[in-house]
Every structure is written in structure tokens, then in C-alpha cells.
>>> print(open('input.cif').read())   # mmCIF, C-alpha atoms
data_final
loop_
_atom_site.label_atom_id
_atom_site.label_comp_id
_atom_site.auth_asym_id
_atom_site.auth_seq_id
_atom_site.Cartn_x
_atom_site.Cartn_y
_atom_site.Cartn_z
CA MET A 1 140.09 149.59 120.80
CA LYS A 2 139.05 148.75 124.34
CA SER A 3 141.29 145.70 124.40
CA ASP A 4 144.22 147.79 123.09
CA TRP A 5 143.59 150.42 125.78
CA ARG A 6 143.46 147.77 128.49
CA ALA A 7 146.66 146.20 127.20
CA LEU A 8 148.37 149.59 127.35
CA VAL A 9 147.22 150.07 130.96
CA VAL A 10 148.59 146.64 131.88
CA VAL A 11 151.96 147.46 130.30
CA LEU A 12 152.13 150.79 132.13
CA LEU A 13 151.31 149.10 135.42
CA LEU A 14 153.99 146.49 134.83
CA VAL A 15 156.52 149.23 134.15
CA LEU A 16 155.47 151.01 137.32
CA VAL A 17 155.75 147.83 139.37
CA SER A 18 159.19 147.07 137.93
CA ARG A 19 160.37 150.59 138.83
CA LEU A 20 159.00 150.11 142.32
CA GLY A 21 160.42 146.61 142.55
CA TRP A 22 161.89 147.35 145.95
CA GLY A 23 158.41 146.75 147.43
CA GLN A 24 157.22 150.36 147.79
CA ASP A 25 153.59 151.38 147.87
CA ALA A 26 152.58 154.34 145.68
CA LYS A 27 150.01 155.52 148.24
CA LEU A 28 152.67 155.58 150.96
CA ILE A 29 154.94 157.68 148.74
CA ALA A 30 152.09 160.11 148.12
CA GLU A 31 151.41 160.42 151.86
CA GLY A 32 155.13 160.90 152.47
CA LYS A 33 155.25 163.72 149.94
CA LYS A 34 152.46 165.50 151.81
CA GLU A 35 154.70 165.41 154.90
CA GLY A 36 157.47 167.11 152.92
CA LYS A 37 160.68 165.23 153.73
CA VAL A 38 162.31 162.47 155.77
CA VAL A 39 164.90 163.06 158.50
CA VAL A 40 167.42 160.28 159.10
CA TYR A 41 169.92 159.95 161.95
CA GLY A 42 172.61 157.37 161.28
CA SER A 43 176.21 156.22 161.50
CA LEU A 44 176.43 154.89 157.94
CA GLU A 45 179.25 156.61 156.05
CA SER A 46 178.14 159.73 154.20
CA ASP A 47 179.59 158.68 150.84
CA ILE A 48 177.45 155.54 150.89
CA MET A 49 174.34 157.34 152.12
CA ASP A 50 174.75 160.05 149.48
CA GLN A 51 174.36 157.45 146.73
CA ILE A 52 171.32 155.92 148.40
CA VAL A 53 169.69 159.31 149.00
CA LYS A 54 170.17 160.43 145.39
CA SER A 55 168.48 157.31 144.09
CA PHE A 56 165.72 157.52 146.69
CA GLN A 57 164.98 161.14 145.83
CA ARG A 58 165.00 160.37 142.12
CA GLN A 59 162.48 157.55 142.51
CA THR A 60 160.19 159.07 145.14
CA GLY A 61 160.66 162.84 144.90
CA LEU A 62 161.14 162.95 148.69
CA PRO A 63 164.00 165.10 150.10
CA VAL A 64 166.20 163.56 152.81
CA ASP A 65 167.95 165.34 155.68
CA TYR A 66 170.75 163.05 156.88
CA TRP A 67 172.59 163.69 160.12
CA ARG A 68 175.59 161.42 160.55
CA ALA A 69 177.27 160.91 163.92
CA SER A 70 178.91 158.27 166.06
CA ALA A 71 176.57 155.71 167.59
CA ALA A 72 177.08 157.29 171.04
CA SER A 73 176.28 160.83 169.84
CA LEU A 74 173.31 159.58 167.85
CA THR A 75 171.93 157.76 170.89
CA ASP A 76 172.35 160.77 173.16
CA ARG A 77 170.65 163.13 170.71
CA THR A 78 167.75 160.78 170.04
CA LEU A 79 167.13 160.26 173.76
CA SER A 80 167.42 163.99 174.50
CA GLU A 81 164.89 164.90 171.82
CA GLN A 82 162.45 162.33 173.18
CA LYS A 83 162.91 163.62 176.71
CA VAL A 84 162.22 167.26 175.88
CA GLY A 85 159.38 166.36 173.55
CA LYS A 86 160.96 167.81 170.41
CA VAL A 87 161.60 164.82 168.16
CA LEU A 88 163.22 165.66 164.81
CA SER A 89 164.22 162.28 163.41
CA ASP A 90 161.94 159.94 161.50
CA VAL A 91 164.42 157.10 161.01
CA VAL A 92 167.40 155.93 163.04
CA LEU A 93 170.05 153.50 161.79
CA THR A 94 173.15 152.35 163.62
CA ASN A 95 174.71 149.29 165.24
CA ALA A 96 172.83 146.82 167.38
CA GLY A 97 173.92 147.92 170.87
CA PRO A 98 172.65 151.51 170.68
CA MET A 99 169.55 150.38 168.79
CA GLU A 100 168.71 147.97 171.63
CA ILE A 101 169.19 150.79 174.14
CA LEU A 102 166.81 153.03 172.20
CA LEU A 103 164.34 150.17 171.85
CA LYS A 104 164.28 149.68 175.62
CA GLU A 105 163.54 153.38 175.98
CA LYS A 106 160.51 152.88 173.72
CA ILE A 107 161.90 155.15 171.01
CA PHE A 108 160.82 153.00 168.07
CA ALA A 109 157.53 152.15 166.42
CA LYS A 110 157.21 148.63 165.06
CA TYR A 111 157.21 148.71 161.28
CA ASP A 112 157.26 145.53 159.18
CA SER A 113 158.66 146.67 155.86
CA PRO A 114 157.55 144.62 152.83
CA THR A 115 161.21 144.44 151.75
CA SER A 116 162.03 142.46 154.91
CA LYS A 117 160.93 139.31 153.09
CA ASN A 118 164.23 139.36 151.17
CA PHE A 119 166.27 138.82 154.35
CA PRO A 120 166.83 135.46 156.08
CA GLN A 121 164.33 134.90 158.87
CA ASN A 122 167.08 134.23 161.42
CA ILE A 123 168.46 137.79 161.15
CA ILE A 124 165.12 139.56 161.54
CA HIS A 125 164.70 141.12 164.97
CA PRO A 126 161.10 140.91 166.26
CA GLN A 127 160.94 144.69 166.82
CA LEU A 128 163.83 146.18 164.82
CA GLY A 129 163.40 144.18 161.63
CA PRO A 130 166.25 142.88 159.45
CA ARG A 131 169.89 143.18 160.44
CA TYR A 132 170.75 145.05 157.28
CA ARG A 133 174.55 144.87 157.51
CA GLU A 134 177.39 143.35 159.53
CA GLY A 135 180.63 145.06 160.51
CA VAL A 136 182.97 142.07 160.10
CA VAL A 137 186.34 142.22 161.88
CA GLY A 138 189.31 140.12 160.80
CA ILE A 139 193.02 140.11 159.97
CA VAL A 140 193.92 142.48 157.13
CA TYR A 141 197.41 142.79 155.64
CA ASN A 142 199.45 144.64 153.03
CA LYS A 143 200.24 142.10 150.34
CA GLY A 144 202.88 144.41 148.90
CA VAL A 145 204.88 144.02 152.10
CA LEU A 146 203.82 140.49 153.02
CA LYS A 147 203.30 138.00 150.21
CA SER A 148 200.41 135.60 150.79
CA GLN A 149 202.75 132.76 151.77
CA ALA A 150 204.39 134.99 154.40
CA ALA A 151 201.12 136.34 155.83
CA PRO A 152 199.54 134.82 158.94
CA LYS A 153 197.04 132.03 158.31
CA SER A 154 195.20 132.09 161.64
CA LEU A 155 194.64 134.15 164.76
CA GLU A 156 197.18 131.96 166.54
CA ASP A 157 199.83 132.89 163.96
CA LEU A 158 199.77 136.46 165.24
CA LEU A 159 201.56 135.21 168.34
CA LYS A 160 204.59 134.08 166.33
CA PRO A 161 207.86 136.03 166.77
CA GLU A 162 208.03 137.01 163.08
CA TYR A 163 204.92 139.17 163.47
CA LYS A 164 206.07 141.04 166.55
CA GLY A 165 205.81 144.79 165.97
CA LYS A 166 203.92 144.26 162.71
CA LEU A 167 200.36 144.15 164.06
CA GLY A 168 198.24 147.27 164.29
CA PHE A 169 195.70 146.71 167.05
CA PRO A 170 192.76 149.05 167.85
CA ASP A 171 193.17 150.20 171.44
CA PRO A 172 190.55 148.20 173.39
CA THR A 173 190.46 150.85 176.12
CA ARG A 174 189.28 153.57 173.73
CA GLY A 175 186.58 152.20 171.45
CA ALA A 176 183.55 149.95 171.75
CA VAL A 177 184.32 147.75 168.74
CA ALA A 178 187.97 147.47 169.79
CA ALA A 179 186.83 146.15 173.17
CA MET A 180 184.02 143.97 171.81
CA TRP A 181 186.37 142.00 169.55
CA PRO A 182 188.67 140.51 172.21
CA ALA A 183 185.75 140.22 174.63
CA SER A 184 183.89 138.04 172.11
CA LEU A 185 186.71 135.75 170.99
CA TYR A 186 185.37 133.06 173.29
CA LYS A 187 182.55 132.58 170.80
CA ILE A 188 184.95 131.17 168.21
CA MET A 189 187.73 129.85 170.48
CA GLY A 190 186.07 128.77 173.68
CA LYS A 191 186.36 130.64 177.00
CA ASP A 192 189.65 129.28 178.39
CA LYS A 193 191.50 129.40 175.08
CA ALA A 194 190.26 132.91 174.33
CA GLU A 195 191.36 134.26 177.72
CA LYS A 196 194.84 132.79 177.26
CA TYR A 197 195.01 134.05 173.69
CA ILE A 198 194.24 137.64 174.72
CA ARG A 199 196.95 137.52 177.39
CA ASP A 200 199.46 136.07 174.93
CA LEU A 201 198.54 138.60 172.26
CA ALA A 202 198.99 141.47 174.71
CA ALA A 203 202.40 140.06 175.64
CA THR A 204 203.55 140.45 172.01
CA ARG A 205 203.04 144.20 172.41
CA PRO A 206 201.01 144.94 169.29
CA VAL A 207 201.09 148.53 168.04
CA LEU A 208 198.04 150.14 169.63
CA VAL A 209 196.20 152.65 167.46
CA GLU A 210 193.16 154.82 168.07
CA GLY A 211 190.59 152.69 166.23
CA VAL A 212 189.80 150.25 163.45
CA LEU A 213 190.13 152.90 160.73
CA ASN A 214 193.54 153.96 161.98
CA ALA A 215 194.64 150.33 162.03
CA ALA A 216 193.62 149.90 158.39
CA GLU A 217 195.31 153.15 157.33
CA ARG A 218 198.61 151.94 158.76
CA VAL A 219 198.31 148.77 156.70
CA THR A 220 197.90 150.81 153.50
CA THR A 221 201.28 152.47 154.09
CA GLY A 222 202.97 149.30 155.36
CA GLU A 223 203.85 151.06 158.62
CA THR A 224 202.26 148.11 160.36
CA PRO A 225 201.59 145.59 157.56
CA ILE A 226 199.00 143.61 159.55
CA ALA A 227 195.96 144.82 161.48
CA ILE A 228 192.82 143.76 163.26
CA THR A 229 190.16 145.83 161.52
CA TYR A 230 187.02 145.75 159.40
CA LEU A 231 187.30 143.62 156.27
CA LYS A 232 185.50 146.35 154.33
CA TYR A 233 188.72 148.36 154.29
CA VAL A 234 190.24 145.81 151.93
CA VAL A 235 187.70 147.06 149.38
CA VAL A 236 187.65 150.73 150.42
CA PHE A 237 191.42 151.21 150.27
CA GLY A 238 191.83 148.68 147.48
CA GLN A 239 189.71 150.95 145.29
CA LYS A 240 192.28 153.67 145.95
CA GLY A 241 195.16 151.44 144.91
CA ALA A 242 196.34 150.03 148.25
CA PRO A 243 197.51 146.39 147.99
CA MET A 244 195.19 144.97 150.67
CA ASP A 245 194.08 141.43 151.42
CA TYR A 246 192.69 139.51 154.37
CA VAL A 247 193.27 136.19 156.11
CA ARG A 248 190.62 133.62 155.20
CA LEU A 249 189.28 132.51 158.57
CA LYS A 250 186.21 130.27 158.57
CA LYS A 251 184.63 132.20 161.41
CA MET A 252 184.92 135.93 162.05
CA LEU A 253 183.37 138.22 164.60
CA GLY A 254 180.98 140.95 163.54
CA HIS A 255 178.26 143.23 164.83
CA GLY A 256 174.91 143.96 163.25
CA HIS A 257 173.18 147.20 162.27
CA TYR A 258 169.46 147.97 162.15
CA VAL A 259 167.17 150.65 160.78
CA ALA A 260 163.95 151.65 162.58
CA LEU A 261 161.13 154.18 162.60
CA ASN A 262 160.91 156.69 165.44
CA ASN A 263 157.62 156.23 167.32
CA ARG A 264 157.13 160.00 167.32
CA ALA A 265 158.37 160.62 163.80
CA PRO A 266 157.30 164.03 162.43
CA HIS A 267 157.07 162.44 158.98
CA PRO A 268 156.05 158.80 159.61
CA ASN A 269 154.96 157.92 156.08
CA ALA A 270 158.10 159.46 154.60
CA GLY A 271 160.07 157.48 157.19
CA LYS A 272 158.40 154.21 156.17
CA THR A 273 159.02 155.02 152.52
CA PHE A 274 162.71 155.51 153.24
CA ILE A 275 163.01 152.28 155.24
CA ASP A 276 161.37 150.31 152.42
CA PHE A 277 163.81 151.73 149.90
CA PHE A 278 166.81 151.40 152.21
CA LEU A 279 166.18 147.68 152.72
CA GLY A 280 165.67 147.14 148.98
CA ASP A 281 168.11 145.58 146.55
CA GLU A 282 169.38 148.84 145.08
CA SER A 283 170.48 150.24 148.44
CA MET A 284 171.91 146.94 149.59
CA LYS A 285 174.02 146.68 146.43
CA VAL A 286 175.35 150.20 146.97
CA ILE A 287 176.36 149.29 150.53
CA ALA A 288 177.92 145.96 149.45
CA ALA A 289 179.92 147.68 146.71
CA MET A 290 181.79 149.52 149.47
CA GLY A 291 182.90 146.27 151.07
CA GLU A 292 180.07 145.97 153.56
CA PHE A 293 178.45 142.65 154.41
CA VAL A 294 174.70 143.10 153.98
CA GLY A 295 171.94 140.85 155.23
CA ARG A 296 170.05 140.71 151.94
CA LYS A 297 170.02 137.22 150.44
CA GLY A 298 172.42 136.76 147.53
CA ILE A 299 174.21 140.13 147.80
CA TYR A 300 177.86 140.04 148.84
CA PRO A 301 180.63 142.63 149.10
CA SER A 302 183.16 142.85 146.27
CA LEU A 303 185.59 140.85 148.38
CA PRO A 304 187.00 137.48 147.29
CA ASP A 305 185.45 134.51 149.14
CA ALA A 306 183.09 136.74 151.13
CA ASN A 307 180.28 134.21 150.71
CA ARG A 308 182.34 131.59 152.60
CA ILE A 309 182.72 133.60 155.79
CA GLN A 310 180.64 132.58 158.78
CA VAL A 311 179.93 135.70 160.82
CA VAL A 312 179.54 135.25 164.58
CA GLN A 313 177.84 138.10 166.44
CA MET A 314 180.02 139.92 168.95
CA ASP A 315 178.72 140.65 172.42
CA GLU A 316 177.49 144.24 172.69
CA LEU A 317 178.98 145.95 175.74
CA ASP A 318 176.86 148.28 177.82
CA THR A 319 178.42 151.15 179.78
CA ALA A 320 179.24 148.96 182.77
CA GLY A 321 180.56 146.14 180.59
CA PHE A 322 182.83 148.48 178.64
CA ALA A 323 184.16 150.03 181.87
CA GLU A 324 185.00 146.56 183.18
CA LYS A 325 186.75 145.50 179.97
CA ARG A 326 188.55 148.82 179.75
CA LYS A 327 190.09 148.22 183.16
CA GLU A 328 191.03 144.64 182.25
CA TYR A 329 192.58 145.53 178.89
CA SER A 330 194.39 148.54 180.32
CA LYS A 331 196.36 146.19 182.57
CA LEU A 332 197.07 143.77 179.73
CA PHE A 333 197.90 146.10 176.85
CA LEU A 334 199.07 149.36 178.46
CA GLN A 335 201.10 148.32 181.49
#
>>> encode(input="input.cif", output="C-alpha cells")
Amino acid sequence: MKSDWRALVVVLLLVLVSRLGWGQDAKLIAEGKKEGKVVVYGSLESDIMDQIVKSFQRQTGLPVDYWRASAASLTDRTLSEQKVGKVLSDVVLTNAGPMEILLKEKIFAKYDSPTSKNFPQNIIHPQLGPRYREGVVGIVYNKGVLKSQAAPKSLEDLLKPEYKGKLGFPDPTRGAVAAMWPASLYKIMGKDKAEKYIRDLAATRPVLVEGVLNAAERVTTGETPIAITYLKYVVVFGQKGAPMDYVRLKKMLGHGHYVALNNRAPHPNAGKTFIDFFLGDESMKVIAAMGEFVGRKGIYPSLPDANRIQVVQMDELDTAGFAEKRKEYSKLFLQ
């Protein structure tokens, strides 16, 4: 009987471990529950986070308060709370530039999540942990308007006369990503070639739009059948029936995103519990299913040939850098 009882315990433990296969510690969950909830500030889309939160709550029993905002608003609020000594957030997740700013302001506690081991070592920041996703920017087009043989095959093709007036281009004087993309082209073209390319592209008078989302939306309608935008929109709008595809470039520019624990988190154990789950396979698969490029080994977006793309990190622009580029691009694209 004893051996049967021990065997049953082993089986139950194995089941428990398999259910907590994302690397979570039962004691940490228990401590998190005593704290009551976890508060997350982030810029990840709410429809994606909703799926992650539901699964997290189901597996841990911990409620999540999620406040979504732009990276700039999130940064301002996090810094303000720290300054007045009334910190509300446990976890912050957004793109690399703002996360580096908050790190310099000593906002984050160092937390080495056990699920970090599933990410390549070269994308693990010494303080912020794994770069959990990449916002990859490329050439997206409407294949209902442009057949694959008629679509551009390279960045240089966008300069050809047949594409004049057909390119939706995020206004680089209005948004950070829109400015970062041309400012970082030197990383895949070389400095001199990139500078000439930007001038030549501006001379074609692309259709300037408010941002990367607006550029993608215009592709869905065919109003401007080509755009510089996030590749994820091929999946997002494709799921809604839009005939979207992208140009297969070997190298594409992108910017990373991180998740970190606030060093004055009101619910630190709940925060750690959330980070462990967020970096786990289940969450990463949810994010990838929406067209996002995640850092987790072996998980790719539902985008053809995504595993062949080499992502090159864009330069993050600080306030002064963006102001400088805004002035430069205003002369090129708006005058």
C-alpha cells in the first residue's frame, strides 16, 4: 500500500509540474496571492494581453490590473509615481528605448526569471532580461492590387517610377518608430548609401500618413497598395480577410521590447509570478499568433518565411535625437 501511495504522489507531482511547465514556483504563487493582485503597465495590445491574463488568472488565481498606454505616456506615469512616492505598478513592459530610460532612473529591480533560459543568450539584457518580442518593420503590400510579380522586390525598387504615389509612409516627423526606421537604414545599407536612399525616397513623394498602423490600414483598402509598416499587420489584417503580403528582405529593421519588475512594486511576488508566466511558452505563442516576432526559441509568427528574416535592431532615439531627425526629415519629406 505504501508503494502505491508513493506512486500516486509521484504522479500528482508530475501532473503539477507539467501544469506549471512555464517554470513557475508554487511558493511564489502562494506569496503573490497573499498580496492580492498584480498591476501591469504596458503598451502590448489589449486583445493580446486579455488572452494572456485570462490564462494567467486561470492557472494562478491571481487577478491582473492592466493599464495600456503609449510608451511615452507609460514612461511619464511611471516616473511621476516614483517621484511622488506613490508607486502603483508592479510590472512594466514596453519597447527598449523607454525601458532603458526607466532603467537609468533606477525604476527596476533585477529579477532573473527561470523562464529566461528559453531565450537565446544574445538577446538577454543584463538588467532587463530577455527581449521578449521584436517590432519588425518592412515592406507590406496588397496582393489583390499588386500581384507578387508586380510587387517591389527590394527597398531600392521603391524608388522606381511605377511605385510613385503607391507607397504609404509613416510620417517621420510625428512618431518615434517612423523616425527610427530611416535613421537606422545605415545598419543594413551602409551610411553613405542610406543617406542617399532617404533623400531619393523623399523625392518620390510617398504618401505620408500618421503612423505605422495608418499605413497598414491604407494597404488593406488598396488606397496606397504598398507601405512601410510592421510585418505583424500582414497577419492581423489577413485574419480579417485583407489580401496582405510582404517583401522578403533578408535583413529588416526592428526594435525590441522588455518586461521588468518595479523596484518599489506594491505586489513584488505577484509581479514575479506574472513575469515568469509572461515569458513562458503559452504567452509567447499567444503573442506570435498575432503576427509578433517573439524572442523565445522555436516560436515564430504565423507569417510565411518568418524564420528566415534577420532582424537588425534600430537605433532608439532619445528626445534630442528625435528632435534632430524631425528637423531633418521635415525638410526632406514636407517641403
>>> closest_residue(input="input.cif", among="A:Lys187, A:Lys240, A:Lys166, A:Lys325", to="Ala215 of chain A", atoms="all atoms listed in the file")
A:Lys166
>>> residues_around(input="input.cif", residues="segment 69-76 of chain A", least_positions_apart="3", cutoff="8 Å", atoms="all atoms listed in the file", output="MDAnalysis selection string")
chainID A and resid 41:43 79:80 94:95 98 102
>>> closest_residue(input="input.cif", among="A:Ser46, A:Gln310, A:Thr115, A:Ser330", to="Ile188 of chain A", atoms="only C-alpha atoms")
A:Gln310
>>> closest_residue(input="input.cif", among="A:Pro182, A:Arg205, A:Gly32, A:Val234", to="Leu334 of chain A", atoms="all atoms listed in the file")
A:Arg205
>>> resolve_selection(input="input.cif", expression="the PyMOL selection byres ((chain A and resi 118-126) around 12)", output="number ranges by chain")
A: 21-23, 96, 99-100, 103, 109-117, 127-134, 255-260, 276, 279-281, 284, 294-299, 311-313
>>> write_last_selection(input="input.cif", atoms="C-alpha atoms", output="mmCIF file, in the frame of the given file")
data_model
loop_
_atom_site.group_PDB
_atom_site.id
_atom_site.type_symbol
_atom_site.label_atom_id
_atom_site.label_comp_id
_atom_site.auth_asym_id
_atom_site.auth_seq_id
_atom_site.Cartn_x
_atom_site.Cartn_y
_atom_site.Cartn_z
ATOM 1 C CA GLY A 21 160.420 146.610 142.550
ATOM 2 C CA TRP A 22 161.890 147.350 145.950
ATOM 3 C CA GLY A 23 158.410 146.750 147.430
ATOM 4 C CA ALA A 96 172.830 146.820 167.380
ATOM 5 C CA MET A 99 169.550 150.380 168.790
ATOM 6 C CA GLU A 100 168.710 147.970 171.630
ATOM 7 C CA LEU A 103 164.340 150.170 171.850
ATOM 8 C CA ALA A 109 157.530 152.150 166.420
ATOM 9 C CA LYS A 110 157.210 148.630 165.060
ATOM 10 C CA TYR A 111 157.210 148.710 161.280
ATOM 11 C CA ASP A 112 157.260 145.530 159.180
ATOM 12 C CA SER A 113 158.660 146.670 155.860
ATOM 13 C CA PRO A 114 157.550 144.620 152.830
ATOM 14 C CA THR A 115 161.210 144.440 151.750
ATOM 15 C CA SER A 116 162.030 142.460 154.910
ATOM 16 C CA LYS A 117 160.930 139.310 153.090
ATOM 17 C CA GLN A 127 160.940 144.690 166.820
ATOM 18 C CA LEU A 128 163.830 146.180 164.820
ATOM 19 C CA GLY A 129 163.400 144.180 161.630
ATOM 20 C CA PRO A 130 166.250 142.880 159.450
ATOM 21 C CA ARG A 131 169.890 143.180 160.440
ATOM 22 C CA TYR A 132 170.750 145.050 157.280
ATOM 23 C CA ARG A 133 174.550 144.870 157.510
ATOM 24 C CA GLU A 134 177.390 143.350 159.530
ATOM 25 C CA HIS A 255 178.260 143.230 164.830
ATOM 26 C CA GLY A 256 174.910 143.960 163.250
ATOM 27 C CA HIS A 257 173.180 147.200 162.270
ATOM 28 C CA TYR A 258 169.460 147.970 162.150
ATOM 29 C CA VAL A 259 167.170 150.650 160.780
ATOM 30 C CA ALA A 260 163.950 151.650 162.580
ATOM 31 C CA ASP A 276 161.370 150.310 152.420
ATOM 32 C CA LEU A 279 166.180 147.680 152.720
ATOM 33 C CA GLY A 280 165.670 147.140 148.980
ATOM 34 C CA ASP A 281 168.110 145.580 146.550
ATOM 35 C CA MET A 284 171.910 146.940 149.590
ATOM 36 C CA VAL A 294 174.700 143.100 153.980
ATOM 37 C CA GLY A 295 171.940 140.850 155.230
ATOM 38 C CA ARG A 296 170.050 140.710 151.940
ATOM 39 C CA LYS A 297 170.020 137.220 150.440
ATOM 40 C CA GLY A 298 172.420 136.760 147.530
ATOM 41 C CA ILE A 299 174.210 140.130 147.800
ATOM 42 C CA VAL A 311 179.930 135.700 160.820
ATOM 43 C CA VAL A 312 179.540 135.250 164.580
ATOM 44 C CA GLN A 313 177.840 138.100 166.440
#
>>> resolve_selection(input="input.cif", expression="the PyMOL selection byres ((chain A and resi 197) around 12)", output="PDB file with C-alpha atoms, in the coordinates of the input")
ATOM      1  CA  LEU A 155     194.640 134.150 164.760  1.00  0.00           C
ATOM      2  CA  GLU A 156     197.180 131.960 166.540  1.00  0.00           C
ATOM      3  CA  ASP A 157     199.830 132.890 163.960  1.00  0.00           C
ATOM      4  CA  LEU A 158     199.770 136.460 165.240  1.00  0.00           C
ATOM      5  CA  LEU A 159     201.560 135.210 168.340  1.00  0.00           C
ATOM      6  CA  PRO A 182     188.670 140.510 172.210  1.00  0.00           C
ATOM      7  CA  ALA A 183     185.750 140.220 174.630  1.00  0.00           C
ATOM      8  CA  SER A 184     183.890 138.040 172.110  1.00  0.00           C
ATOM      9  CA  LEU A 185     186.710 135.750 170.990  1.00  0.00           C
ATOM     10  CA  TYR A 186     185.370 133.060 173.290  1.00  0.00           C
ATOM     11  CA  ILE A 188     184.950 131.170 168.210  1.00  0.00           C
ATOM     12  CA  MET A 189     187.730 129.850 170.480  1.00  0.00           C
ATOM     13  CA  GLY A 190     186.070 128.770 173.680  1.00  0.00           C
ATOM     14  CA  LYS A 191     186.360 130.640 177.000  1.00  0.00           C
ATOM     15  CA  ASP A 192     189.650 129.280 178.390  1.00  0.00           C
ATOM     16  CA  LYS A 193     191.500 129.400 175.080  1.00  0.00           C
ATOM     17  CA  ALA A 194     190.260 132.910 174.330  1.00  0.00           C
ATOM     18  CA  GLU A 195     191.360 134.260 177.720  1.00  0.00           C
ATOM     19  CA  LYS A 196     194.840 132.790 177.260  1.00  0.00           C
ATOM     20  CA  ILE A 198     194.240 137.640 174.720  1.00  0.00           C
ATOM     21  CA  ARG A 199     196.950 137.520 177.390  1.00  0.00           C
ATOM     22  CA  ASP A 200     199.460 136.070 174.930  1.00  0.00           C
ATOM     23  CA  LEU A 201     198.540 138.600 172.260  1.00  0.00           C
ATOM     24  CA  ALA A 202     198.990 141.470 174.710  1.00  0.00           C
ATOM     25  CA  ALA A 203     202.400 140.060 175.640  1.00  0.00           C
ATOM     26  CA  THR A 204     203.550 140.450 172.010  1.00  0.00           C
ATOM     27  CA  LEU A 332     197.070 143.770 179.730  1.00  0.00           C
TER      28      LEU A 332
END
>>> axis_aligned_box(input="input.cif", around="segment 200-204 of chain A", padding_each_side="3 Å", output="AutoDock Vina command-line options")
--center_x 201.0 --center_y 138.8 --center_z 173.8 --size_x 11.0 --size_y 11.4 --size_z 9.6
>>> resolve_selection(input="input.cif", expression="the PyMOL selection byres ((chain A and resi 243) around 6)", output="PDB file with C-alpha atoms, keeping the file's coordinate frame")
ATOM      1  CA  ASN A 142     199.450 144.640 153.030  1.00  0.00           C
ATOM      2  CA  LYS A 143     200.240 142.100 150.340  1.00  0.00           C
ATOM      3  CA  GLY A 144     202.880 144.410 148.900  1.00  0.00           C
ATOM      4  CA  ALA A 242     196.340 150.030 148.250  1.00  0.00           C
ATOM      5  CA  MET A 244     195.190 144.970 150.670  1.00  0.00           C
TER       6      MET A 244
END
